[in-house]
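*Asks:* Contents of structure23.cif (mmCIF, C-alpha atoms and all ligand atoms) are below:
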data_coords
#
loop_
_atom_site.group_PDB
_atom_site.id
_atom_site.type_symbol
_atom_site.label_atom_id
_atom_site.label_comp_id
_atom_site.auth_asym_id
_atom_site.auth_seq_id
_atom_site.Cartn_x
_atom_site.Cartn_y
_atom_site.Cartn_z
ATOM 1 C CA MET Q 1 6.902 27.765 -10.117
ATOM 2 C CA LYS Q 2 5.664 24.383 -11.370
ATOM 3 C CA ASN Q 3 4.164 22.290 -8.574
ATOM 4 C CA MET Q 4 6.379 19.202 -8.612
ATOM 5 C CA PHE Q 5 3.993 17.416 -6.250
ATOM 6 C CA SER Q 6 0.851 17.914 -8.320
ATOM 7 C CA LEU Q 7 -0.939 14.757 -9.433
ATOM 8 C CA ALA Q 8 -3.497 16.638 -11.536
ATOM 9 C CA GLY Q 9 -4.827 14.457 -14.352
ATOM 10 C CA GLN Q 10 -3.306 11.261 -12.928
ATOM 11 C CA ILE Q 11 -5.366 8.105 -12.438
ATOM 12 C CA ALA Q 12 -4.438 6.122 -9.322
ATOM 13 C CA LEU Q 13 -5.634 2.687 -8.202
ATOM 14 C CA VAL Q 14 -5.094 2.104 -4.471
ATOM 15 C CA THR Q 15 -5.731 -1.387 -3.093
ATOM 16 C CA GLY Q 16 -6.832 -1.759 0.498
ATOM 17 C CA ALA Q 17 -8.207 1.780 0.453
ATOM 18 C CA SER Q 18 -11.372 1.172 2.473
ATOM 19 C CA ARG Q 19 -9.557 2.331 5.630
ATOM 20 C CA GLY Q 20 -6.158 2.698 7.291
ATOM 21 C CA LEU Q 21 -3.008 3.530 5.374
ATOM 22 C CA GLY Q 22 -4.611 2.879 1.972
ATOM 23 C CA PHE Q 23 -7.390 5.397 2.505
ATOM 24 C CA GLY Q 24 -4.898 7.911 3.906
ATOM 25 C CA MET Q 25 -2.690 7.615 0.813
ATOM 26 C CA ALA Q 26 -5.690 7.756 -1.551
ATOM 27 C CA GLU Q 27 -7.058 10.860 0.172
ATOM 28 C CA ALA Q 28 -3.713 12.655 -0.056
ATOM 29 C CA MET Q 29 -3.317 11.760 -3.723
ATOM 30 C CA ALA Q 30 -6.835 13.036 -4.442
ATOM 31 C CA GLU Q 31 -5.952 16.268 -2.609
ATOM 32 C CA ALA Q 32 -2.892 16.507 -4.892
ATOM 33 C CA GLY Q 33 -5.233 16.377 -7.909
ATOM 34 C CA ALA Q 34 -5.384 12.690 -8.849
ATOM 35 C CA THR Q 35 -8.519 10.719 -9.621
ATOM 36 C CA VAL Q 36 -8.307 7.937 -7.062
ATOM 37 C CA VAL Q 37 -9.922 4.539 -7.525
ATOM 38 C CA LEU Q 38 -10.475 2.924 -4.146
ATOM 39 C CA ASN Q 39 -10.187 -0.859 -3.857
ATOM 40 C CA GLY Q 40 -11.281 -3.194 -1.085
ATOM 41 C CA ARG Q 41 -13.594 -6.182 -0.843
ATOM 42 C CA ASP Q 42 -16.783 -4.431 0.268
ATOM 43 C CA ALA Q 43 -18.459 -2.231 -2.334
ATOM 44 C CA ALA Q 44 -20.770 -0.507 0.170
ATOM 45 C CA THR Q 45 -17.860 0.596 2.393
ATOM 46 C CA LEU Q 46 -15.935 1.826 -0.634
ATOM 47 C CA GLN Q 47 -18.987 3.847 -1.809
ATOM 48 C CA VAL Q 48 -19.105 5.613 1.548
ATOM 49 C CA ARG Q 49 -15.369 6.392 1.459
ATOM 50 C CA ALA Q 50 -15.520 7.603 -2.163
ATOM 51 C CA ARG Q 51 -18.481 9.839 -1.315
ATOM 52 C CA GLU Q 52 -16.485 11.374 1.576
ATOM 53 C CA LEU Q 53 -13.862 12.462 -0.949
ATOM 54 C CA GLN Q 54 -16.363 13.528 -3.627
ATOM 55 C CA GLN Q 55 -18.213 15.738 -1.118
ATOM 56 C CA ARG Q 56 -14.939 17.613 -0.654
ATOM 57 C CA GLY Q 57 -14.741 18.221 -4.417
ATOM 58 C CA LEU Q 58 -12.141 15.475 -4.931
ATOM 59 C CA GLN Q 59 -12.225 12.871 -7.723
ATOM 60 C CA ALA Q 60 -12.896 9.339 -6.521
ATOM 61 C CA ASP Q 61 -14.240 6.094 -7.917
ATOM 62 C CA ILE Q 62 -14.362 2.536 -6.583
ATOM 63 C CA ALA Q 63 -13.085 -0.840 -7.789
ATOM 64 C CA PRO Q 64 -14.319 -3.542 -5.422
ATOM 65 C CA PHE Q 65 -12.457 -6.823 -5.819
ATOM 66 C CA ASP Q 66 -10.485 -9.320 -3.793
ATOM 67 C CA VAL Q 67 -6.831 -8.824 -4.707
ATOM 68 C CA THR Q 68 -6.206 -12.577 -4.396
ATOM 69 C CA ASP Q 69 -8.778 -13.331 -7.105
ATOM 70 C CA GLU Q 70 -6.714 -13.090 -10.296
ATOM 71 C CA ALA Q 71 -9.667 -12.869 -12.697
ATOM 72 C CA ALA Q 72 -11.273 -10.136 -10.596
ATOM 73 C CA ALA Q 73 -8.002 -8.227 -10.171
ATOM 74 C CA SER Q 74 -7.257 -8.352 -13.885
ATOM 75 C CA ALA Q 75 -10.803 -7.182 -14.684
ATOM 76 C CA GLY Q 76 -10.461 -4.454 -12.027
ATOM 77 C CA VAL Q 77 -7.336 -3.012 -13.638
ATOM 78 C CA ALA Q 78 -8.947 -3.227 -17.102
ATOM 79 C CA ALA Q 79 -12.044 -1.410 -15.803
ATOM 80 C CA VAL Q 80 -9.925 1.462 -14.458
ATOM 81 C CA VAL Q 81 -8.288 1.886 -17.864
ATOM 82 C CA LYS Q 82 -11.635 1.614 -19.676
ATOM 83 C CA ASN Q 83 -13.485 4.046 -17.397
ATOM 84 C CA HIS Q 84 -10.708 6.596 -16.897
ATOM 85 C CA GLY Q 85 -8.610 6.222 -20.046
ATOM 86 C CA ALA Q 86 -5.361 5.255 -18.292
ATOM 87 C CA LEU Q 87 -3.723 3.838 -15.197
ATOM 88 C CA ASP Q 88 -0.851 6.084 -14.069
ATOM 89 C CA ILE Q 89 -0.297 5.003 -10.471
ATOM 90 C CA LEU Q 90 -0.770 1.676 -8.688
ATOM 91 C CA ILE Q 91 -0.473 1.573 -4.924
ATOM 92 C CA ALA Q 92 -0.517 -2.130 -4.036
ATOM 93 C CA ASN Q 93 -1.276 -1.671 -0.368
ATOM 94 C CA ALA Q 94 -3.848 -4.310 0.649
ATOM 95 C CA GLY Q 95 -2.378 -6.589 3.276
ATOM 96 C CA ILE Q 96 -3.262 -8.911 6.128
ATOM 97 C CA HIS Q 97 -1.655 -10.108 9.322
ATOM 98 C CA HIS Q 98 -1.599 -13.415 11.166
ATOM 99 C CA SER Q 99 0.222 -14.048 14.407
ATOM 100 C CA SER Q 100 0.855 -17.265 16.330
ATOM 101 C CA PRO Q 101 3.701 -18.939 18.212
ATOM 102 C CA LEU Q 102 5.661 -20.946 15.624
ATOM 103 C CA ALA Q 103 4.304 -24.390 16.557
ATOM 104 C CA GLY Q 104 0.725 -23.192 16.011
ATOM 105 C CA TRP Q 105 1.225 -22.044 12.431
ATOM 106 C CA LYS Q 106 -0.807 -23.917 9.830
ATOM 107 C CA MET Q 107 0.247 -23.916 6.188
ATOM 108 C CA GLU Q 108 -3.150 -22.490 5.224
ATOM 109 C CA ASP Q 109 -2.391 -19.412 7.395
ATOM 110 C CA TRP Q 110 1.070 -19.070 5.845
ATOM 111 C CA ARG Q 111 -0.373 -19.317 2.310
ATOM 112 C CA ARG Q 112 -3.212 -16.850 3.042
ATOM 113 C CA VAL Q 113 -0.745 -14.184 4.203
ATOM 114 C CA MET Q 114 1.708 -14.806 1.356
ATOM 115 C CA ASN Q 115 -1.105 -14.880 -1.180
ATOM 116 C CA THR Q 116 -2.525 -11.487 -0.141
ATOM 117 C CA ASN Q 117 0.691 -9.670 0.803
ATOM 118 C CA LEU Q 118 3.037 -10.907 -1.944
ATOM 119 C CA ASP Q 119 1.448 -13.010 -4.713
ATOM 120 C CA ALA Q 120 -1.423 -10.566 -5.264
ATOM 121 C CA CYS Q 121 0.989 -7.619 -5.372
ATOM 122 C CA PHE Q 122 3.021 -9.376 -8.075
ATOM 123 C CA PHE Q 123 -0.068 -10.085 -10.157
ATOM 124 C CA LEU Q 124 -1.485 -6.570 -9.793
ATOM 125 C CA ALA Q 125 1.871 -4.968 -10.588
ATOM 126 C CA GLN Q 126 2.131 -7.166 -13.689
ATOM 127 C CA GLN Q 127 -1.360 -6.191 -14.831
ATOM 128 C CA ALA Q 128 -0.706 -2.506 -14.094
ATOM 129 C CA ALA Q 129 2.660 -2.566 -15.883
ATOM 130 C CA ILE Q 130 1.053 -4.082 -18.992
ATOM 131 C CA ALA Q 131 -1.424 -1.171 -18.991
ATOM 132 C CA MET Q 132 1.312 1.405 -18.310
ATOM 133 C CA MET Q 133 3.870 0.222 -20.898
ATOM 134 C CA PRO Q 134 2.098 1.685 -23.955
ATOM 135 C CA GLN Q 135 1.847 5.021 -22.074
ATOM 136 C CA ARG Q 136 5.629 4.844 -21.471
ATOM 137 C CA SER Q 137 5.042 6.138 -17.959
ATOM 138 C CA GLY Q 138 3.734 4.839 -14.659
ATOM 139 C CA ARG Q 139 4.321 4.524 -10.940
ATOM 140 C CA ILE Q 140 4.079 1.300 -8.977
ATOM 141 C CA ILE Q 141 4.285 1.630 -5.206
ATOM 142 C CA PHE Q 142 4.103 -1.229 -2.701
ATOM 143 C CA THR Q 143 3.309 -0.969 0.987
ATOM 144 C CA ALA Q 144 6.066 -3.088 2.502
ATOM 145 C CA SER Q 145 6.980 -2.982 6.219
ATOM 146 C CA LEU Q 146 9.789 -2.460 8.691
ATOM 147 C CA THR Q 147 9.230 -6.154 9.471
ATOM 148 C CA GLY Q 148 10.623 -6.926 6.018
ATOM 149 C CA LEU Q 149 13.924 -5.525 7.297
ATOM 150 C CA MET Q 150 13.854 -6.474 10.982
ATOM 151 C CA GLY Q 151 12.651 -9.689 12.611
ATOM 152 C CA ARG Q 152 9.632 -9.929 14.869
ATOM 153 C CA PRO Q 153 8.542 -13.184 16.518
ATOM 154 C CA THR Q 154 5.212 -14.943 15.757
ATOM 155 C CA ILE Q 155 4.693 -13.343 12.313
ATOM 156 C CA PRO Q 156 7.041 -15.316 9.978
ATOM 157 C CA ALA Q 157 4.716 -15.143 6.958
ATOM 158 C CA TYR Q 158 4.158 -11.414 7.344
ATOM 159 C CA CYS Q 159 7.930 -10.741 7.655
ATOM 160 C CA SER Q 160 8.659 -13.013 4.670
ATOM 161 C CA SER Q 161 5.940 -11.470 2.505
ATOM 162 C CA LYS Q 162 7.201 -7.948 3.170
ATOM 163 C CA ALA Q 163 10.863 -8.884 2.588
ATOM 164 C CA GLY Q 164 9.688 -10.552 -0.633
ATOM 165 C CA LEU Q 165 7.915 -7.370 -1.697
ATOM 166 C CA ALA Q 166 11.204 -5.477 -1.473
ATOM 167 C CA GLY Q 167 12.836 -8.018 -3.795
ATOM 168 C CA LEU Q 168 9.883 -7.895 -6.183
ATOM 169 C CA MET Q 169 10.024 -4.100 -6.172
ATOM 170 C CA ARG Q 170 13.735 -4.057 -7.106
ATOM 171 C CA SER Q 171 13.290 -6.653 -9.856
ATOM 172 C CA LEU Q 172 10.388 -4.708 -11.403
ATOM 173 C CA ALA Q 173 12.257 -1.407 -11.073
ATOM 174 C CA VAL Q 174 15.126 -2.796 -13.152
ATOM 175 C CA GLU Q 175 12.865 -4.399 -15.774
ATOM 176 C CA LEU Q 176 10.419 -1.515 -16.121
ATOM 177 C CA GLY Q 177 12.803 1.459 -16.048
ATOM 178 C CA GLY Q 178 13.184 1.288 -19.822
ATOM 179 C CA HIS Q 179 9.418 1.625 -20.142
ATOM 180 C CA GLY Q 180 9.341 4.850 -18.127
ATOM 181 C CA ILE Q 181 7.823 3.100 -15.110
ATOM 182 C CA THR Q 182 9.241 3.487 -11.603
ATOM 183 C CA CYS Q 183 8.708 0.982 -8.815
ATOM 184 C CA ASN Q 184 9.274 1.798 -5.155
ATOM 185 C CA ALA Q 185 8.060 0.744 -1.726
ATOM 186 C CA ILE Q 186 7.039 2.420 1.485
ATOM 187 C CA ALA Q 187 7.995 0.511 4.638
ATOM 188 C CA PRO Q 188 5.930 1.677 7.621
ATOM 189 C CA GLY Q 189 6.868 0.904 11.209
ATOM 190 C CA TYR Q 190 4.111 0.771 13.853
ATOM 191 C CA PHE Q 191 0.932 2.567 12.736
ATOM 192 C CA GLU Q 192 -2.445 3.276 14.311
ATOM 193 C CA THR Q 193 -4.876 1.344 12.092
ATOM 194 C CA ASP Q 194 -7.327 -1.534 12.499
ATOM 195 C CA MET Q 195 -4.465 -3.931 11.765
ATOM 196 C CA SER Q 196 -2.688 -2.918 14.975
ATOM 197 C CA ALA Q 197 -5.846 -2.416 17.091
ATOM 198 C CA LYS Q 198 -5.307 -5.559 19.177
ATOM 199 C CA MET Q 199 -1.699 -4.596 20.029
ATOM 200 C CA ARG Q 200 -2.743 -1.030 20.824
ATOM 201 C CA SER Q 201 -5.435 -2.205 23.223
ATOM 202 C CA ASP Q 202 -2.653 -3.101 25.648
ATOM 203 C CA ALA Q 203 -1.302 0.140 27.188
ATOM 204 C CA ALA Q 204 1.936 -1.542 28.303
ATOM 205 C CA THR Q 205 2.642 -2.671 24.710
ATOM 206 C CA VAL Q 206 1.990 0.841 23.370
ATOM 207 C CA GLU Q 207 4.392 2.323 25.928
ATOM 208 C CA ARG Q 208 7.042 -0.341 25.310
ATOM 209 C CA ILE Q 209 6.959 0.369 21.567
ATOM 210 C CA ASN Q 210 6.923 4.148 22.066
ATOM 211 C CA GLY Q 211 10.065 3.696 24.133
ATOM 212 C CA ARG Q 212 11.839 2.156 21.112
ATOM 213 C CA ILE Q 213 10.799 4.902 18.653
ATOM 214 C CA PRO Q 214 12.972 8.047 18.599
ATOM 215 C CA LEU Q 215 9.895 10.155 17.711
ATOM 216 C CA GLN Q 216 8.111 8.446 20.651
ATOM 217 C CA ARG Q 217 4.760 7.765 19.002
ATOM 218 C CA TRP Q 218 3.024 5.399 16.598
ATOM 219 C CA GLY Q 219 2.512 6.629 13.038
ATOM 220 C CA THR Q 220 -0.857 7.712 11.626
ATOM 221 C CA PRO Q 221 -2.067 7.377 8.010
ATOM 222 C CA ASP Q 222 -1.031 11.022 7.416
ATOM 223 C CA ASP Q 223 2.575 9.996 8.057
ATOM 224 C CA VAL Q 224 2.671 7.793 4.938
ATOM 225 C CA ALA Q 225 0.277 9.862 2.810
ATOM 226 C CA GLY Q 226 2.834 12.491 1.823
ATOM 227 C CA VAL Q 227 5.404 9.838 0.932
ATOM 228 C CA ALA Q 228 2.917 8.234 -1.460
ATOM 229 C CA VAL Q 229 2.205 11.605 -3.095
ATOM 230 C CA PHE Q 230 5.944 12.247 -3.394
ATOM 231 C CA LEU Q 231 6.711 8.853 -4.976
ATOM 232 C CA ALA Q 232 3.798 9.256 -7.411
ATOM 233 C CA SER Q 233 4.752 12.812 -8.378
ATOM 234 C CA SER Q 234 7.251 14.254 -10.839
ATOM 235 C CA ALA Q 235 9.427 15.177 -7.828
ATOM 236 C CA ALA Q 236 10.338 11.475 -7.670
ATOM 237 C CA ALA Q 237 10.835 11.003 -11.426
ATOM 238 C CA TYR Q 238 14.438 9.779 -10.972
ATOM 239 C CA ILE Q 239 13.807 7.516 -7.965
ATOM 240 C CA THR Q 240 13.253 3.823 -8.597
ATOM 241 C CA GLY Q 241 13.995 0.573 -6.800
ATOM 242 C CA GLN Q 242 13.931 2.238 -3.392
ATOM 243 C CA GLN Q 243 12.234 1.406 -0.133
ATOM 244 C CA ILE Q 244 11.445 4.432 2.042
ATOM 245 C CA VAL Q 245 11.183 3.527 5.716
ATOM 246 C CA VAL Q 246 8.573 5.562 7.614
ATOM 247 C CA ASP Q 247 8.969 4.436 11.220
ATOM 248 C CA GLY Q 248 9.703 7.446 13.447
ATOM 249 C CA GLY Q 249 13.327 6.269 13.488
ATOM 250 C CA MET Q 250 12.638 2.881 15.091
ATOM 251 C CA GLY Q 251 14.794 0.964 12.627
ATOM 252 C CA ILE Q 252 17.951 3.000 13.300
ATOM 253 C CA ALA Q 253 17.789 3.037 17.096
ATOM 254 C CA LEU Q 254 19.874 0.737 19.304
HETATM 255 N N1 LIG A 1 -0.644 -0.749 10.490
HETATM 256 C C1 LIG A 1 0.665 -0.962 10.560
HETATM 257 O O1 LIG A 1 1.277 -0.806 11.640
HETATM 258 C C2 LIG A 1 1.430 -1.376 9.330
HETATM 259 C C3 LIG A 1 2.821 -1.405 9.413
HETATM 260 C C4 LIG A 1 3.553 -1.788 8.295
HETATM 261 C C5 LIG A 1 2.920 -2.124 7.126
HETATM 262 N N2 LIG A 1 1.561 -2.090 7.068
HETATM 263 C C6 LIG A 1 0.942 -2.474 5.797
HETATM 264 O O2 LIG A 1 0.117 -1.431 5.344
HETATM 265 C C7 LIG A 1 -0.921 -1.964 4.529
HETATM 266 C C8 LIG A 1 -2.243 -1.411 5.012
HETATM 267 O O3 LIG A 1 -2.417 -1.824 6.353
HETATM 268 P P1 LIG A 1 -3.386 -1.093 7.392
HETATM 269 O O4 LIG A 1 -2.649 -0.985 8.656
HETATM 270 O O5 LIG A 1 -4.001 0.093 6.759
HETATM 271 O O6 LIG A 1 -4.450 -2.281 7.572
HETATM 272 P P2 LIG A 1 -6.025 -2.296 7.726
HETATM 273 O O7 LIG A 1 -6.510 -1.095 8.449
HETATM 274 O O8 LIG A 1 -6.321 -3.642 8.283
HETATM 275 O O9 LIG A 1 -6.530 -2.207 6.203
HETATM 276 C C9 LIG A 1 -6.262 -3.260 5.321
HETATM 277 C C10 LIG A 1 -6.874 -2.918 3.986
HETATM 278 O O10 LIG A 1 -6.598 -3.974 3.075
HETATM 279 C C11 LIG A 1 -7.831 -4.400 2.494
HETATM 280 N N3 LIG A 1 -7.742 -5.823 2.145
HETATM 281 C C12 LIG A 1 -7.327 -6.850 2.907
HETATM 282 N N4 LIG A 1 -7.392 -7.987 2.209
HETATM 283 C C13 LIG A 1 -7.839 -7.668 0.971
HETATM 284 C C14 LIG A 1 -8.104 -8.416 -0.194
HETATM 285 N N5 LIG A 1 -7.916 -9.739 -0.241
HETATM 286 N N6 LIG A 1 -8.553 -7.756 -1.286
HETATM 287 C C15 LIG A 1 -8.741 -6.409 -1.271
HETATM 288 N N7 LIG A 1 -8.497 -5.651 -0.173
HETATM 289 C C16 LIG A 1 -8.059 -6.282 0.925
HETATM 290 C C17 LIG A 1 -8.890 -4.082 3.522
HETATM 291 O O11 LIG A 1 -10.127 -3.914 2.878
HETATM 292 P P3 LIG A 1 -11.470 -4.748 3.180
HETATM 293 O O12 LIG A 1 -11.273 -5.491 4.478
HETATM 294 O O13 LIG A 1 -12.507 -3.670 3.257
HETATM 295 O O14 LIG A 1 -11.612 -5.638 2.007
HETATM 296 C C18 LIG A 1 -8.379 -2.756 4.050
HETATM 297 O O15 LIG A 1 -8.758 -1.707 3.197
HETATM 298 C C19 LIG A 1 -0.801 -3.485 4.631
HETATM 299 O O16 LIG A 1 -0.106 -3.981 3.513
HETATM 300 C C20 LIG A 1 0.021 -3.682 5.881
HETATM 301 O O17 LIG A 1 0.729 -4.893 5.865
HETATM 302 C C21 LIG A 1 0.794 -1.721 8.140
#
Give the structure from the file, written as structure tokens.

*Replies:*
Amino acid sequence: MKNMFSLAGQIALVTGASRGLGFGMAEAMAEAGATVVLNGRDAATLQVRARELQQRGLQADIAPFDVTDEAAASAGVAAVVKNHGALDILIANAGIHHSSPLAGWKMEDWRRVMNTNLDACFFLAQQAAIAMMPQRSGRIIFTASLTGLMGRPTIPAYCSSKAGLAGLMRSLAVELGGHGITCNAIAPGYFETDMSAKMRSDAATVERINGRIPLQRWGTPDDVAGVAVFLASSAAAYITGQQIVVDGGMGIAL
């Protein structure tokens, strides 16, 4: 039987792949046969992560650039196409967090979060789509968040950026469907990564959150990795404009 989840021969660019959810998704896609191009801001870290995959016989390359730097991001996408002959899958995953009681928010903090989490995803998706259109195929996947669907205090920019990503994803899905390109999002709940390290350092917070999750634990990068492979694979050929929530059931529990 044909393996519907194989990504053999596919070229995937994953932003924010130096660690956390991005590296987990990149690793799983490489295991499914893709050549994965790891993005982050630090070339040395990316080299180490790419070597980890290469030593396991997987195909990995790096594309160090800051996703908020439009010239660098555009050149990064062009380099993937030049070096690998195509760009089949974009996972726009890089994201940042900033938390403060409302009165303490500065506009520069708001803009920094929106710029990384939403503006940069728009620009990268645009650049990727331009590369994918002549191929008449492609997959664009955003890492959104449960906080784009449910409110959480002290992180208004993060919640707004992730809700905005869902709108961007639907708009692109409608516009790009005719070009053979799908656009979807993964919306994680609470995950064990560096981003949540401060929250997880407080045992009472971990327990309180576990108590609200039907599966009673925080997610790990493996919990989103398979969803990324699925959305990038031919198994998801007829799925576009969708946001898949991966939250252990938190968002459906009263
Ligand atoms: N962890 C959670 O509970 C959770 C829940 C819902 C959604 N998410 C989303 O999942 C995504 C990944 O988060 P994570 O938890 O894996 O976070 P993380 O461990 O903090 O990793 C963030 C990644 O983004 C990269 N990055 C940040 N700013 C960048 C920039 N300007 N240019 C290029 N790369 C940049 C970082 O690379 P360098 O620092 O090496 O450049 C790193 O690889 C984010 O979009 C986040 O909002 C996370």

*Asks:* For the file shown, what are the residues hit by the PyMOL selection byres (((chain Q and resi 250) around 9) and not hetatm), laid out as an MDAnalysis selection string?

*Replies:* chainID Q and resid 146 189:190 209 212:215 246:249 251:254

*Asks:* Which residues come within 10 Å of Ser100 in chain Q, counting only C-alpha atoms, excluding same-chain residues fewer than 6 positions away, as a list in words?

*Replies:*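 Once the nearby chain positions are removed, what remains is Lys106, Asp109, Pro153, Thr154, Ile155 and Pro156 of chain Q.
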
*Asks:* Any chance you could resolve the PyMOL selection byres (((chain Q and resi 162) around 9) and not hetatm) against this file and give the residues as a PyMOL selection string?

*Replies:* chain Q and resi 114+117-118+143-149+157-161+163-167+187

*Asks:* Could you pull out the residues sitting within 6 Å of ligand LIG 1 (chain A), using only C-alpha atoms and all ligand atoms, and write them as an MDAnalysis selection string?

*Replies:* chainID Q and resid 15:22 40:42 65:68 93:96 116 143:145 188:196

*Asks:* Could you expand the PyMOL selection byres (((chain Q and resi 128) around 8) and not hetatm) into the explicit residues it covers here, written as a list in words?

*Replies:* Val77, Leu87, Leu90, Leu124, Ala125, Gln126, Gln127, Ala129, Ile130, Ala131, Met132 and Ile140 of chain Q

*Asks:* Identify, on the basis of all atoms listed in the file, every residue whose closest approach to Val14 in chain Q does not exceed 6 Å; exclude the query and any residue fewer than 5 positions from it along the same chain; express the result as a PyMOL selection string.

*Replies:* chain Q and resi 38-39+91

*Asks:* Grab the residues selected above and save them as a compact mmCIF listing (two decimals), keeping the file's coordinate frame with C-alpha atoms.

*Replies:*
# COMPACT_ATOMS: atom_id res chain seq x y z
CA LEU Q 38 -10.48 2.92 -4.15
CA ASN Q 39 -10.19 -0.86 -3.86
CA ILE Q 91 -0.47 1.57 -4.92

*Asks:* Adding 5 Å on each side of the box along x, y and z that holds all listed atoms of range 154-161 of chain Q, could you give its centre and edge lengths in Å to one decimal, as JSON?

*Replies:*
{"center_x": 6.4, "center_y": -13.0, "center_z": 9.1, "size_x": 14.5, "size_y": 14.6, "size_z": 23.3}

*Asks:* Is it possible to get the residues within 10 Å of (12.7, 9.1, -11.7) (coordinates as in the file, counting only C-alpha atoms) written as a count of residues only?

*Replies:* 17

*Asks:* With N, CA and C atoms as the target, complete range 39-56 of chain Q and hand it back as a PDB file, in the frame of the given file.

*Replies:*
ATOM      1  N   ASN Q  39      -9.915   0.579  -3.844  1.00  0.00           N
ATOM      2  CA  ASN Q  39     -10.187  -0.859  -3.857  1.00  0.00           C
ATOM      3  C   ASN Q  39     -10.294  -1.409  -2.436  1.00  0.00           C
ATOM      4  N   GLY Q  40     -11.116  -2.421  -2.308  1.00  0.00           N
ATOM      5  CA  GLY Q  40     -11.281  -3.194  -1.085  1.00  0.00           C
ATOM      6  C   GLY Q  40     -12.261  -4.282  -1.469  1.00  0.00           C
ATOM      7  N   ARG Q  41     -12.691  -5.090  -0.481  1.00  0.00           N
ATOM      8  CA  ARG Q  41     -13.594  -6.182  -0.843  1.00  0.00           C
ATOM      9  C   ARG Q  41     -15.066  -5.837  -0.702  1.00  0.00           C
ATOM     10  N   ASP Q  42     -15.371  -4.740  -0.006  1.00  0.00           N
ATOM     11  CA  ASP Q  42     -16.783  -4.431   0.268  1.00  0.00           C
ATOM     12  C   ASP Q  42     -17.214  -3.161  -0.465  1.00  0.00           C
ATOM     13  N   ALA Q  43     -18.061  -3.361  -1.479  1.00  0.00           N
ATOM     14  CA  ALA Q  43     -18.459  -2.231  -2.334  1.00  0.00           C
ATOM     15  C   ALA Q  43     -19.156  -1.124  -1.538  1.00  0.00           C
ATOM     16  N   ALA Q  44     -20.005  -1.521  -0.577  1.00  0.00           N
ATOM     17  CA  ALA Q  44     -20.770  -0.507   0.170  1.00  0.00           C
ATOM     18  C   ALA Q  44     -19.825   0.398   0.977  1.00  0.00           C
ATOM     19  N   THR Q  45     -18.833  -0.201   1.622  1.00  0.00           N
ATOM     20  CA  THR Q  45     -17.860   0.596   2.393  1.00  0.00           C
ATOM     21  C   THR Q  45     -17.095   1.531   1.461  1.00  0.00           C
ATOM     22  N   LEU Q  46     -16.698   0.998   0.316  1.00  0.00           N
ATOM     23  CA  LEU Q  46     -15.935   1.826  -0.634  1.00  0.00           C
ATOM     24  C   LEU Q  46     -16.773   3.006  -1.129  1.00  0.00           C
ATOM     25  N   GLN Q  47     -18.084   2.759  -1.360  1.00  0.00           N
ATOM     26  CA  GLN Q  47     -18.987   3.847  -1.809  1.00  0.00           C
ATOM     27  C   GLN Q  47     -18.980   4.980  -0.788  1.00  0.00           C
ATOM     28  N   VAL Q  48     -19.071   4.605   0.477  1.00  0.00           N
ATOM     29  CA  VAL Q  48     -19.105   5.613   1.548  1.00  0.00           C
ATOM     30  C   VAL Q  48     -17.795   6.412   1.549  1.00  0.00           C
ATOM     31  N   ARG Q  49     -16.666   5.705   1.432  1.00  0.00           N
ATOM     32  CA  ARG Q  49     -15.369   6.392   1.459  1.00  0.00           C
ATOM     33  C   ARG Q  49     -15.189   7.296   0.231  1.00  0.00           C
ATOM     34  N   ALA Q  50     -15.647   6.794  -0.936  1.00  0.00           N
ATOM     35  CA  ALA Q  50     -15.520   7.603  -2.163  1.00  0.00           C
ATOM     36  C   ALA Q  50     -16.383   8.855  -2.043  1.00  0.00           C
ATOM     37  N   ARG Q  51     -17.579   8.680  -1.468  1.00  0.00           N
ATOM     38  CA  ARG Q  51     -18.481   9.839  -1.315  1.00  0.00           C
ATOM     39  C   ARG Q  51     -17.856  10.888  -0.396  1.00  0.00           C
ATOM     40  N   GLU Q  52     -17.175  10.437   0.664  1.00  0.00           N
ATOM     41  CA  GLU Q  52     -16.485  11.374   1.576  1.00  0.00           C
ATOM     42  C   GLU Q  52     -15.535  12.283   0.783  1.00  0.00           C
ATOM     43  N   LEU Q  53     -14.822  11.681  -0.148  1.00  0.00           N
ATOM     44  CA  LEU Q  53     -13.862  12.462  -0.949  1.00  0.00           C
ATOM     45  C   LEU Q  53     -14.597  13.348  -1.955  1.00  0.00           C
ATOM     46  N   GLN Q  54     -15.617  12.764  -2.606  1.00  0.00           N
ATOM     47  CA  GLN Q  54     -16.363  13.528  -3.627  1.00  0.00           C
ATOM     48  C   GLN Q  54     -17.027  14.755  -3.011  1.00  0.00           C
ATOM     49  N   GLN Q  55     -17.531  14.607  -1.775  1.00  0.00           N
ATOM     50  CA  GLN Q  55     -18.213  15.738  -1.118  1.00  0.00           C
ATOM     51  C   GLN Q  55     -17.246  16.884  -0.827  1.00  0.00           C
ATOM     52  N   ARG Q  56     -15.953  16.563  -0.833  1.00  0.00           N
ATOM     53  CA  ARG Q  56     -14.939  17.613  -0.654  1.00  0.00           C
ATOM     54  C   ARG Q  56     -14.443  18.137  -2.003  1.00  0.00           C
TER      55      ARG Q  56
END
